[in-house]
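Just coords19.tsv here, TSV, C-alpha atoms and all ligand atoms:
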chain	number	residue	atom	x	y	z
X	280	MET	CA	0.00	0.00	0.00
X	281	LEU	CA	1.32	3.37	-0.98
X	282	ASN	CA	-0.57	5.61	1.43
X	283	ILE	CA	-0.98	8.24	-1.28
X	284	LYS	CA	-1.31	11.86	-0.10
X	285	TYR	CA	-3.64	14.12	-2.10
X	286	GLU	CA	-3.22	17.81	-2.82
X	287	HIS	CA	-6.15	18.79	-5.04
X	288	THR	CA	-5.92	21.67	-7.46
X	289	THR	CA	-7.85	24.83	-6.67
X	290	THR	CA	-7.98	25.89	-10.33
X	291	LYS	CA	-9.45	23.17	-12.55
X	292	LYS	CA	-8.57	23.55	-16.21
X	293	GLU	CA	-11.10	24.01	-18.96
X	294	LYS	CA	-11.66	20.75	-20.87
X	295	PRO	CA	-10.60	20.70	-24.53
X	296	ASP	CA	-12.97	20.05	-27.43
X	297	TYR	CA	-13.12	16.23	-27.25
X	298	SER	CA	-13.90	15.98	-30.95
X	299	LYS	CA	-10.50	17.53	-31.83
X	300	LEU	CA	-8.15	15.90	-29.34
X	301	GLY	CA	-5.37	14.55	-31.54
X	302	PHE	CA	-2.64	12.85	-29.49
X	303	GLY	CA	-0.80	14.09	-26.39
X	304	LYS	CA	-1.70	17.77	-26.54
X	305	TYR	CA	-3.78	18.21	-23.38
X	306	PHE	CA	-3.03	17.22	-19.81
X	307	THR	CA	-5.35	16.71	-16.87
X	308	ASP	CA	-5.56	18.54	-13.53
X	309	HIS	CA	-3.30	16.29	-11.46
X	310	MET	CA	-0.23	14.08	-11.64
X	311	PHE	CA	1.16	11.28	-9.50
X	312	LEU	CA	4.67	11.57	-8.05
X	313	MET	CA	6.81	9.23	-5.96
X	314	ASN	CA	10.50	9.44	-5.07
X	315	TYR	CA	13.19	6.84	-4.66
X	316	SER	CA	16.25	7.03	-2.45
X	317	VAL	CA	18.60	4.30	-1.34
X	318	ASP	CA	17.62	4.79	2.32
X	319	LYS	CA	13.87	4.91	1.88
X	320	GLY	CA	13.23	2.95	-1.33
X	321	TRP	CA	10.16	4.20	-3.24
X	322	HIS	CA	8.41	6.63	-0.92
X	323	ASP	CA	6.30	9.76	-0.61
X	324	ALA	CA	3.55	8.76	-3.05
X	325	ARG	CA	1.41	11.81	-3.80
X	326	ILE	CA	-1.10	13.22	-6.19
X	327	VAL	CA	-0.58	16.93	-6.75
X	328	PRO	CA	-1.80	19.58	-9.20
X	329	TYR	CA	-0.35	19.02	-12.70
X	330	GLY	CA	2.58	21.35	-13.25
X	331	PRO	CA	6.30	21.84	-13.82
X	332	ILE	CA	8.81	19.68	-11.98
X	333	SER	CA	11.83	21.47	-10.56
X	334	LEU	CA	15.16	19.69	-11.00
X	335	ASP	CA	18.78	20.67	-10.57
X	336	PRO	CA	20.44	21.27	-13.97
X	337	SER	CA	22.94	18.55	-13.07
X	338	ALA	CA	20.18	15.94	-12.62
X	339	MET	CA	21.45	12.85	-14.37
X	340	VAL	CA	18.41	12.41	-16.61
X	341	PHE	CA	19.43	15.57	-18.50
X	342	HIS	CA	22.87	14.24	-19.31
X	343	TYR	CA	22.84	10.48	-19.61
X	344	ALA	CA	19.16	9.87	-20.39
X	345	GLN	CA	18.50	7.44	-17.58
X	346	GLU	CA	14.77	7.60	-18.28
X	347	LEU	CA	12.05	5.10	-19.10
X	348	PHE	CA	8.33	5.25	-19.71
X	349	GLU	CA	5.16	3.32	-20.44
X	350	GLY	CA	2.02	3.99	-22.44
X	351	MET	CA	-1.44	2.73	-21.44
X	352	LYS	CA	-5.02	3.89	-21.75
X	353	ALA	CA	-8.15	4.21	-19.58
X	354	TYR	CA	-11.56	3.90	-21.23
X	355	ASN	CA	-15.06	4.97	-20.28
X	356	ASP	CA	-17.33	2.01	-20.93
X	357	PRO	CA	-21.00	2.19	-21.97
X	358	ASN	CA	-22.06	1.68	-18.32
X	359	GLY	CA	-19.99	4.65	-17.19
X	360	LYS	CA	-17.32	2.39	-15.65
X	361	ILE	CA	-13.60	3.04	-16.03
X	362	ARG	CA	-11.55	0.29	-17.64
X	363	LEU	CA	-7.84	-0.42	-18.06
X	364	PHE	CA	-6.46	-2.84	-20.65
X	365	ARG	CA	-3.93	-5.42	-19.40
X	366	PRO	CA	-2.15	-3.00	-17.02
X	367	ASP	CA	-0.22	-5.95	-15.55
X	368	LYS	CA	1.58	-6.37	-18.89
X	369	ASN	CA	2.69	-2.73	-19.01
X	370	ILE	CA	3.86	-2.90	-15.41
X	371	GLU	CA	5.84	-6.09	-16.12
X	372	ARG	CA	7.46	-4.38	-19.10
X	373	MET	CA	8.20	-1.26	-17.07
X	374	ASN	CA	10.07	-3.35	-14.53
X	375	ARG	CA	11.97	-5.16	-17.31
X	376	THR	CA	12.99	-1.75	-18.63
X	377	CYS	CA	13.99	-0.73	-15.09
X	378	ARG	CA	16.34	-3.72	-14.94
X	379	ARG	CA	17.89	-2.81	-18.31
X	380	LEU	CA	18.50	0.79	-17.21
X	381	CYS	CA	19.67	-0.05	-13.64
X	382	VAL	CA	16.62	1.70	-12.18
X	383	PRO	CA	15.03	0.23	-9.01
X	384	GLU	CA	11.85	-1.68	-9.84
X	385	ILE	CA	8.46	-0.69	-8.50
X	386	ASP	CA	6.32	-3.29	-6.75
X	387	PRO	CA	3.68	-4.22	-9.38
X	388	ALA	CA	0.82	-3.81	-6.87
X	389	ASP	CA	2.09	-0.32	-5.98
X	390	ALA	CA	2.42	0.65	-9.65
X	391	LEU	CA	-1.17	-0.47	-10.29
X	392	GLU	CA	-2.36	1.38	-7.20
X	393	ALA	CA	-0.66	4.56	-8.44
X	394	ILE	CA	-2.12	4.26	-11.95
X	395	THR	CA	-5.60	3.51	-10.63
X	396	ALA	CA	-5.47	6.39	-8.13
X	397	ILE	CA	-4.46	9.07	-10.62
X	398	VAL	CA	-6.98	7.87	-13.23
X	399	LYS	CA	-9.78	7.89	-10.63
X	400	CYS	CA	-8.70	11.32	-9.41
X	401	ASP	CA	-9.01	12.80	-12.92
X	402	LYS	CA	-11.81	10.57	-14.19
X	403	ASP	CA	-13.81	13.57	-15.40
X	404	TRP	CA	-11.13	13.85	-18.12
X	405	ILE	CA	-11.83	10.43	-19.67
X	406	PRO	CA	-13.43	11.26	-22.99
X	407	THR	CA	-16.48	9.33	-24.16
X	408	LEU	CA	-16.60	9.99	-27.91
X	409	PRO	CA	-15.91	6.94	-30.12
X	410	GLY	CA	-12.19	6.48	-30.71
X	411	THR	CA	-11.14	8.53	-27.67
X	412	SER	CA	-9.54	7.49	-24.37
X	413	LEU	CA	-7.35	8.76	-21.56
X	414	TYR	CA	-3.70	8.08	-22.34
X	415	ILE	CA	-1.63	7.21	-19.28
X	416	ARG	CA	2.06	8.04	-19.36
X	417	PRO	CA	4.06	6.68	-16.39
X	418	PHE	CA	7.76	7.57	-16.48
X	419	ILE	CA	10.84	7.38	-14.27
X	420	ILE	CA	13.77	9.81	-14.33
X	421	ALA	CA	17.19	9.78	-12.65
X	422	THR	CA	17.51	12.79	-10.34
X	423	ASP	CA	21.01	12.52	-8.82
X	424	GLU	CA	22.84	15.83	-9.04
X	425	HIS	CA	26.01	14.41	-10.45
X	426	LEU	CA	27.93	14.29	-13.73
X	427	GLY	CA	29.76	10.98	-13.27
X	428	VAL	CA	28.49	8.20	-15.48
X	429	HIS	CA	26.94	5.76	-12.97
X	430	PRO	CA	23.42	4.64	-12.18
X	431	SER	CA	21.64	7.36	-10.19
X	432	LYS	CA	20.79	6.73	-6.53
X	433	ASN	CA	17.66	8.88	-6.61
X	434	TYR	CA	14.67	8.77	-8.96
X	435	LEU	CA	11.29	10.30	-9.55
X	436	PHE	CA	8.32	8.24	-10.76
X	437	CYS	CA	5.64	10.36	-12.36
X	438	ILE	CA	2.32	9.59	-14.06
X	439	ILE	CA	0.62	12.13	-16.28
X	440	LEU	CA	-2.65	11.74	-18.18
X	441	SER	CA	-3.76	13.05	-21.55
X	442	PRO	CA	-7.20	12.73	-23.17
X	443	VAL	CA	-6.51	11.51	-26.71
X	444	GLY	CA	-8.12	10.75	-30.02
X	445	SER	CA	-6.25	8.92	-32.74
X	446	TYR	CA	-2.45	8.99	-32.95
X	447	TYR	CA	-2.39	9.69	-36.67
X	448	ALA	CA	-4.08	12.78	-38.07
X	449	ASN	CA	-6.29	10.73	-40.40
X	450	GLY	CA	-7.60	8.27	-37.82
X	451	ILE	CA	-7.80	4.70	-39.06
X	452	ASP	CA	-7.03	5.65	-42.70
X	453	PRO	CA	-3.97	3.71	-43.86
X	454	VAL	CA	-0.63	5.41	-43.18
X	455	LYS	CA	2.37	5.70	-45.48
X	456	ILE	CA	5.72	4.54	-44.15
X	457	VAL	CA	9.32	5.05	-45.36
X	458	ILE	CA	11.82	2.19	-45.09
X	459	GLU	CA	14.88	3.71	-43.40
X	460	ARG	CA	18.16	2.60	-45.02
X	461	GLU	CA	20.64	5.05	-43.47
X	462	TYR	CA	19.99	5.04	-39.72
X	463	VAL	CA	19.17	2.18	-37.35
X	464	ARG	CA	17.01	2.11	-34.24
X	465	ALA	CA	18.49	-0.80	-32.30
X	466	VAL	CA	20.99	-3.65	-32.34
X	467	LYS	CA	21.15	-6.89	-30.40
X	468	GLY	CA	22.33	-6.16	-26.85
X	469	GLY	CA	21.15	-2.56	-27.01
X	470	THR	CA	17.94	-1.09	-25.65
X	471	GLY	CA	15.58	-1.89	-28.53
X	472	ALA	CA	13.33	-4.07	-26.37
X	473	ALA	CA	13.19	-1.52	-23.55
X	474	LYS	CA	10.86	1.46	-23.44
X	475	VAL	CA	13.44	4.19	-22.99
X	476	GLY	CA	13.31	7.78	-24.21
X	477	GLY	CA	16.76	7.37	-25.77
X	478	ASN	CA	15.37	4.99	-28.41
X	479	TYR	CA	12.94	7.66	-29.51
X	480	ALA	CA	15.55	10.46	-29.45
X	481	SER	CA	17.78	8.54	-31.83
X	482	SER	CA	14.84	7.81	-34.12
X	483	LEU	CA	13.90	11.45	-34.63
X	484	ILE	CA	16.26	12.03	-37.52
X	485	GLY	CA	14.53	9.28	-39.50
X	486	GLN	CA	11.13	10.60	-38.46
X	487	GLN	CA	12.08	14.10	-39.60
X	488	LYS	CA	13.21	12.78	-43.00
X	489	ALA	CA	9.98	10.80	-43.36
X	490	GLU	CA	7.81	13.79	-42.52
X	491	GLU	CA	9.67	15.95	-45.03
X	492	MET	CA	8.79	13.34	-47.66
X	493	GLY	CA	5.11	13.41	-46.66
X	494	TYR	CA	5.21	10.05	-44.82
X	495	ALA	CA	3.83	9.30	-41.36
X	496	GLN	CA	6.64	7.18	-39.96
X	497	VAL	CA	9.75	5.10	-40.50
X	498	LEU	CA	10.10	1.33	-40.83
X	499	TRP	CA	13.30	0.38	-39.02
X	500	LEU	CA	15.47	-2.46	-40.27
X	501	ASP	CA	17.78	-4.62	-38.16
X	502	GLY	CA	21.08	-2.92	-37.40
X	503	VAL	CA	23.34	-5.80	-38.47
X	504	HIS	CA	22.15	-7.10	-41.84
X	505	ARG	CA	20.06	-4.04	-42.64
X	506	LYS	CA	17.52	-6.25	-44.31
X	507	TYR	CA	15.13	-7.66	-41.70
X	508	ILE	CA	12.15	-5.64	-40.57
X	509	ASP	CA	12.15	-4.56	-36.89
X	510	GLU	CA	9.34	-2.11	-36.09
X	511	VAL	CA	8.01	1.37	-36.70
X	512	GLY	CA	9.05	3.07	-33.43
X	513	ALA	CA	5.54	4.04	-32.33
X	514	MET	CA	4.17	0.64	-33.34
X	515	ASN	CA	4.98	-3.02	-34.05
X	516	VAL	CA	4.26	-4.25	-37.55
X	517	PHE	CA	2.28	-7.16	-38.98
X	518	PHE	CA	1.86	-8.39	-42.56
X	519	VAL	CA	-0.65	-10.70	-44.15
X	520	ILE	CA	1.27	-12.60	-46.82
X	521	ASP	CA	-0.65	-15.12	-48.89
X	522	GLY	CA	-3.37	-15.30	-46.25
X	523	LYS	CA	-0.92	-15.91	-43.38
X	524	VAL	CA	-0.20	-13.37	-40.62
X	525	VAL	CA	3.50	-12.73	-40.01
X	526	THR	CA	5.25	-10.37	-37.60
X	527	PRO	CA	8.94	-9.84	-36.77
X	528	THR	CA	10.25	-12.12	-34.03
X	529	LEU	CA	11.24	-10.64	-30.65
X	530	GLU	CA	14.14	-13.08	-30.41
X	531	ASN	CA	16.89	-10.62	-31.35
X	532	GLY	CA	15.94	-8.24	-28.57
X	533	ASN	CA	15.71	-5.32	-31.04
X	534	ILE	CA	11.98	-4.87	-30.93
X	535	LEU	CA	9.66	-3.47	-28.29
X	536	PRO	CA	7.41	-6.29	-27.04
X	537	GLY	CA	4.14	-4.43	-27.49
X	538	VAL	CA	1.12	-5.25	-25.34
X	539	THR	CA	-1.12	-4.63	-28.36
X	540	ARG	CA	1.19	-6.84	-30.46
X	541	MET	CA	0.87	-9.66	-27.93
X	542	SER	CA	-2.91	-9.19	-27.73
X	543	CYS	CA	-3.29	-9.29	-31.51
X	544	ILE	CA	-1.30	-12.51	-31.74
X	545	GLU	CA	-3.40	-14.11	-28.99
X	546	MET	CA	-6.62	-12.90	-30.59
X	547	LEU	CA	-5.69	-14.11	-34.09
X	548	LYS	CA	-4.75	-17.52	-32.68
X	549	SER	CA	-8.07	-17.69	-30.81
X	550	TRP	CA	-9.77	-17.24	-34.19
X	551	GLY	CA	-7.89	-20.29	-35.44
X	552	MET	CA	-5.45	-18.26	-37.53
X	553	GLU	CA	-1.80	-19.10	-37.80
X	554	VAL	CA	0.63	-16.34	-36.77
X	555	GLU	CA	4.30	-16.64	-37.63
X	556	GLU	CA	6.78	-14.71	-35.49
X	557	ARG	CA	9.94	-14.80	-37.54
X	558	LEU	CA	12.49	-12.80	-39.51
X	559	ILE	CA	10.89	-10.96	-42.42
X	560	SER	CA	13.16	-9.30	-44.96
X	561	VAL	CA	12.28	-6.30	-47.10
X	562	ASP	CA	13.08	-8.53	-50.10
X	563	GLU	CA	10.35	-10.94	-48.99
X	564	LEU	CA	7.93	-8.05	-48.72
X	565	GLU	CA	8.82	-6.76	-52.17
X	566	GLU	CA	8.59	-10.23	-53.68
X	567	ALA	CA	5.20	-10.90	-52.05
X	568	ASN	CA	4.01	-7.57	-53.40
X	569	ALA	CA	5.29	-8.37	-56.90
X	570	ASN	CA	3.45	-11.71	-56.79
X	571	GLY	CA	0.23	-10.13	-55.57
X	572	LYS	CA	0.58	-11.94	-52.21
X	573	LEU	CA	1.01	-8.98	-49.88
X	574	ASP	CA	-2.59	-8.82	-48.69
X	575	GLU	CA	-2.33	-6.43	-45.75
X	576	ALA	CA	0.09	-4.54	-43.53
X	577	PHE	CA	-0.71	-2.87	-40.24
X	578	GLY	CA	0.92	-1.44	-37.14
X	579	THR	CA	-0.11	-2.11	-33.54
X	580	GLY	CA	0.47	-0.03	-30.43
X	581	THR	CA	-1.27	1.51	-27.43
X	582	ALA	CA	-1.28	4.94	-29.06
X	583	ALA	CA	-1.69	3.71	-32.63
X	584	VAL	CA	-4.19	0.90	-31.74
X	585	ILE	CA	-4.38	-0.91	-35.14
X	586	SER	CA	-3.13	1.34	-37.93
X	587	PRO	CA	-3.37	-0.05	-41.44
X	588	ILE	CA	-0.36	0.67	-43.64
X	589	GLY	CA	-1.23	1.58	-47.23
X	590	GLU	CA	2.22	2.22	-48.66
X	591	PHE	CA	5.92	1.64	-48.10
X	592	ASN	CA	8.61	3.67	-49.82
X	593	ASP	CA	11.95	1.91	-50.16
X	594	ASP	CA	14.40	4.41	-51.64
X	595	GLY	CA	11.78	5.57	-54.13
X	596	LYS	CA	10.44	2.07	-54.85
X	597	ILE	CA	6.76	2.17	-53.87
X	598	ILE	CA	4.97	-0.83	-52.37
X	599	THR	CA	1.23	-0.21	-52.30
X	600	VAL	CA	-0.66	-2.53	-49.98
X	601	ASN	CA	-4.28	-3.53	-50.61
X	602	ASP	CA	-4.75	-0.52	-52.91
X	603	GLY	CA	-4.04	1.76	-49.94
X	604	LYS	CA	-7.19	0.56	-48.16
X	605	ILE	CA	-7.79	-1.09	-44.80
X	606	GLY	CA	-7.93	-4.90	-45.17
X	607	PRO	CA	-10.38	-7.33	-43.54
X	608	ILE	CA	-7.98	-8.71	-40.93
X	609	SER	CA	-6.86	-5.22	-39.82
X	610	GLN	CA	-10.48	-4.12	-39.61
X	611	LYS	CA	-11.56	-7.20	-37.63
X	612	LEU	CA	-8.65	-6.79	-35.20
X	613	TYR	CA	-9.43	-3.09	-34.75
X	614	ASP	CA	-13.12	-3.77	-34.08
X	615	SER	CA	-12.47	-6.71	-31.75
X	616	LEU	CA	-9.67	-5.09	-29.78
X	617	THR	CA	-11.37	-1.72	-29.32
X	618	GLY	CA	-14.63	-3.54	-28.52
X	619	ILE	CA	-12.89	-5.18	-25.55
X	620	GLN	CA	-10.96	-2.05	-24.57
X	621	TRP	CA	-14.05	0.16	-24.55
X	622	GLY	CA	-16.11	-2.53	-22.81
X	623	LYS	CA	-18.52	-2.80	-25.73
X	624	ALA	CA	-17.81	-6.45	-26.57
X	625	GLU	CA	-17.42	-9.73	-24.71
X	626	ASP	CA	-13.90	-10.11	-23.26
X	627	PRO	CA	-13.22	-13.85	-23.39
X	628	PHE	CA	-9.59	-13.21	-22.42
X	629	GLY	CA	-10.24	-11.24	-19.22
X	630	TRP	CA	-7.97	-8.41	-20.45
X	631	SER	CA	-10.16	-5.46	-19.62
X	632	ILE	CA	-10.42	-4.59	-15.93
X	633	VAL	CA	-12.93	-2.27	-14.29
X	634	ILE	CA	-11.28	0.07	-11.76
X	635	ASP	CA	-14.19	2.30	-10.81
M	1	LIG	C1	2.47	3.95	-27.05
M	1	LIG	O1	1.89	3.40	-27.99
M	1	LIG	O2	1.96	4.05	-25.93
M	1	LIG	C2	3.80	4.54	-27.22
M	1	LIG	O3	4.47	4.70	-26.25
M	1	LIG	C3	4.22	4.91	-28.57
M	1	LIG	C4	4.58	6.32	-28.77
M	1	LIG	C5	3.51	7.33	-28.67
M	1	LIG	C6	5.90	6.72	-28.30
Structure translated into C-alpha cells:
Amino acid sequence: MLNIKYEHTTTKKEKPDYSKLGFGKYFTDHMFLMNYSVDKGWHDARIVPYGPISLDPSAMVFHYAQELFEGMKAYNDPNGKIRLFRPDKNIERMNRTCRRLCVPEIDPADALEAITAIVKCDKDWIPTLPGTSLYIRPFIIATDEHLGVHPSKNYLFCIILSPVGSYYANGIDPVKIVIEREYVRAVKGGTGAAKVGGNYASSLIGQQKAEEMGYAQVLWLDGVHRKYIDEVGAMNVFFVIDGKVVTPTLENGNILPGVTRMSCIEMLKSWGMEVEERLISVDELEEANANGKLDEAFGTGTAAVISPIGEFNDDGKIITVNDGKIGPISQKLYDSLTGIQWGKAEDPFGWSIVID
C-alpha cells in the first residue's frame, strides 16, 4: 500500500474540445509523483496539481538519459465504468525496462495502485466519444545531481494523463511509411526491447526525413544485416502474406514487445489463424508484393491501436498494400480489440479490468 497523499488543485482547467483531441496535446488537472532514495526505497507517493517539476540542472536524466516510460489507456465504458487494458503487462514491461537501465523496480501492486489512483482522481477527463480514451504516461527519471556516469541513486516516478483521439491525423485511414536505409534504431544487446526515451531520441532524424517526404513514420530495419524488418518506433508491424499473418520475431531483442502486439497474436490464434513470429526481410515483402501476395500490412500499439499501412517507400520504390485501403484482418482486429478495450464487446480473455 502506498498511502498516497492528495493535494487537489484549486484551479481546474477548462476541458478541450473532445472531438478535436489529436494525441498528447492536453493534460489533466493532477499528476502522480513518488521518489526513490537508497535509504527509503520508493516513498512519498502523492497526487498533486499538474505542473512543472523542478530539477537541478545537473540531474542525471538531463545528461545520460536514464529515463524510461510506459504507455497505457483508460476507457469509459458504456455503463460509465472506467476500464484499463492489461495494465499488468505494461507494469511487467516497465520493470523489465527498469532492470535494463539499472533503475530500481516498482512493486507491481504499488504501480497499479498509483495508476488507478491518478486515473480515478481525474476521471472527469476520460473522454467518451468513439475512438477517444485517456492516455496514461508513467515515467521514471534519474535525479542525482552528479555528472559521473553511474546509475543514479535517486529517482522520480511520475504519471501524467492526456485525453486523446487517434495517434495519426487521419484516424484509421492507412498510413504511409518510409523504409529507413541510413539510420538504425536498435541492435542486439542494445535497448531496442526496452521502453526508454533514448530509443525515440535517436529515431527522430529518420522521423524528420519521413515527414519531409510526406510520410507518417519510419520502418526500421535490423542494425546488423540491414535487411530484416524490426518495427516502426511508435508501433509493431504485422503483414498478411498469402493469407498468413506474419510479424517480426522478438528473439533478437531489437523490438519493443508491445502489449497490443501480444494481444493481436493471442486474438488471431483464438480465431484459429496461424501467426508466424519470424524474420521478415524487405526482399520478402517486395517479392510478395510483386506476386500479388502482400494482402495487408498494419501497425499495432497503445497509441496507434491498429493502424493499417497503405504504402511503403523503399528508396523511391513504392509498395502499395491492398490498394491503400484497410484490409479485412486489420479491420476485424481493430473492431475486436477496441470492442474489448471500450467494454462494448465480450472479453473472453479477461484483459479489460474495471477500476471504478
Ligand atoms: C504507445 O503506444 O503508448 C507509445 O508509447 C508509442 C509512442 C507514442 C511513443
Note to self: List as an MDAnalysis selection string the protein and nucleic acid residues near range 294-301 of chain X, meaning an atom at most 8 Å away when all atoms listed in the file are counted, but skip any in the same chain fewer than 4 places from it.
What the structure shows: chainID X and resid 305 404 406 408 411 442:448
Next item on the list: List all protein, DNA and RNA residues that have at least one atom no more than 7 Å from any atom of ligand LIG 1 (chain M), counting all atoms listed in the file, and write them as a count of residues only.
Entry: 9
Check: From the set X:Ala396, X:Ile458, X:Leu426, X:Met541, which residue has the shortest atom-to-atom contact distance to Glu565 in chain X, counting only C-alpha atoms?
Finding: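 For Glu565 in chain X, the nearest of the candidates is X:Ile458.
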Next item on the list: Find the residues around Ile619 in chain X up to 10 Å (only C-alpha atoms counted), leave out those fewer than 2 positions away in its own chain, and share them as a PyMOL selection string.
Entry: chain X and resi 356+362+364+614-617+621-632
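Across X:Ile605, X:Ile439, X:Ile588, X:Ile559, the tightest approach to Ile397 in chain X is made by X:Ile439 when counting all atoms listed in the file.
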Check: If you measure from CA of Tyr494 in chain X to CA of Lys596 in chain X, what distance in Å do you get, rounded to one decimal?
Finding: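 Straight-line distance from CA of Tyr494 in chain X to CA of Lys596 in chain X works out to 13.8 Å.
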Which residues are near Phe517 in chain X? Cut-off 10 Å, only C-alpha atoms, ignore same chain within fewer than 5 positions. Put them as an mmCIF file with C-alpha atoms, keeping the file's coordinate frame.
data_model
loop_
_atom_site.group_PDB
_atom_site.id
_atom_site.type_symbol
_atom_site.label_atom_id
_atom_site.label_comp_id
_atom_site.auth_asym_id
_atom_site.auth_seq_id
_atom_site.Cartn_x
_atom_site.Cartn_y
_atom_site.Cartn_z
ATOM 1 C CA GLU X 510 9.340 -2.110 -36.090
ATOM 2 C CA VAL X 524 -0.200 -13.370 -40.620
ATOM 3 C CA VAL X 525 3.500 -12.730 -40.010
ATOM 4 C CA THR X 526 5.250 -10.370 -37.600
ATOM 5 C CA PRO X 527 8.940 -9.840 -36.770
ATOM 6 C CA ARG X 540 1.190 -6.840 -30.460
ATOM 7 C CA CYS X 543 -3.290 -9.290 -31.510
ATOM 8 C CA ILE X 544 -1.300 -12.510 -31.740
ATOM 9 C CA VAL X 554 0.630 -16.340 -36.770
ATOM 10 C CA GLU X 555 4.300 -16.640 -37.630
ATOM 11 C CA GLU X 556 6.780 -14.710 -35.490
ATOM 12 C CA GLU X 575 -2.330 -6.430 -45.750
ATOM 13 C CA ALA X 576 0.090 -4.540 -43.530
ATOM 14 C CA PHE X 577 -0.710 -2.870 -40.240
ATOM 15 C CA GLY X 578 0.920 -1.440 -37.140
ATOM 16 C CA THR X 579 -0.110 -2.110 -33.540
ATOM 17 C CA ILE X 585 -4.380 -0.910 -35.140
ATOM 18 C CA PRO X 587 -3.370 -0.050 -41.440
ATOM 19 C CA ILE X 588 -0.360 0.670 -43.640
ATOM 20 C CA SER X 609 -6.860 -5.220 -39.820
#
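Atom pair CA of Ala472 in chain X / CA of Ile534 in chain X has a distance of 4.8 Å (rounded to one decimal).
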Notebook entry, point to check: For Glu392 in chain X, which of X:Gln610, X:Glu490, X:Ala344, X:Ile283 is the closest residue, counting all atoms listed in the file?
Noted result: X:Ile283
Next item on the list: Measure the distance from CA of Trp550 in chain X to CA of Gly589 in chain X in Å and round it to one decimal.
Entry: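 Separation of CA of Trp550 in chain X and CA of Gly589 in chain X: 24.4 Å.
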Grab all the atoms of range 472-490 of chain X that the file lists, wrap them in a box along x, y and z, add 3 Å per side, and give me centre plus edge lengths in Å (one decimal) as AutoDock Vina command-line options.
--center_x 12.8 --center_y 5.0 --center_z -33.2 --size_x 16.0 --size_y 24.2 --size_z 26.4
Margin query: I need the residue nearest Arg375 in chain X from this list: X:Ile451, X:Ala390, X:Leu347, X:Leu500. Use all atoms listed in the file for the distance.
Written below: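 Closest to Arg375 in chain X, using all atoms listed in the file: X:Leu347.
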Note to self: Given all atoms listed in the file as the basis, pick out the residue of X:Pro453, X:Gly469, X:Pro328, X:Gly320 nearest to Asp308 in chain X.
What the structure shows: X:Pro328
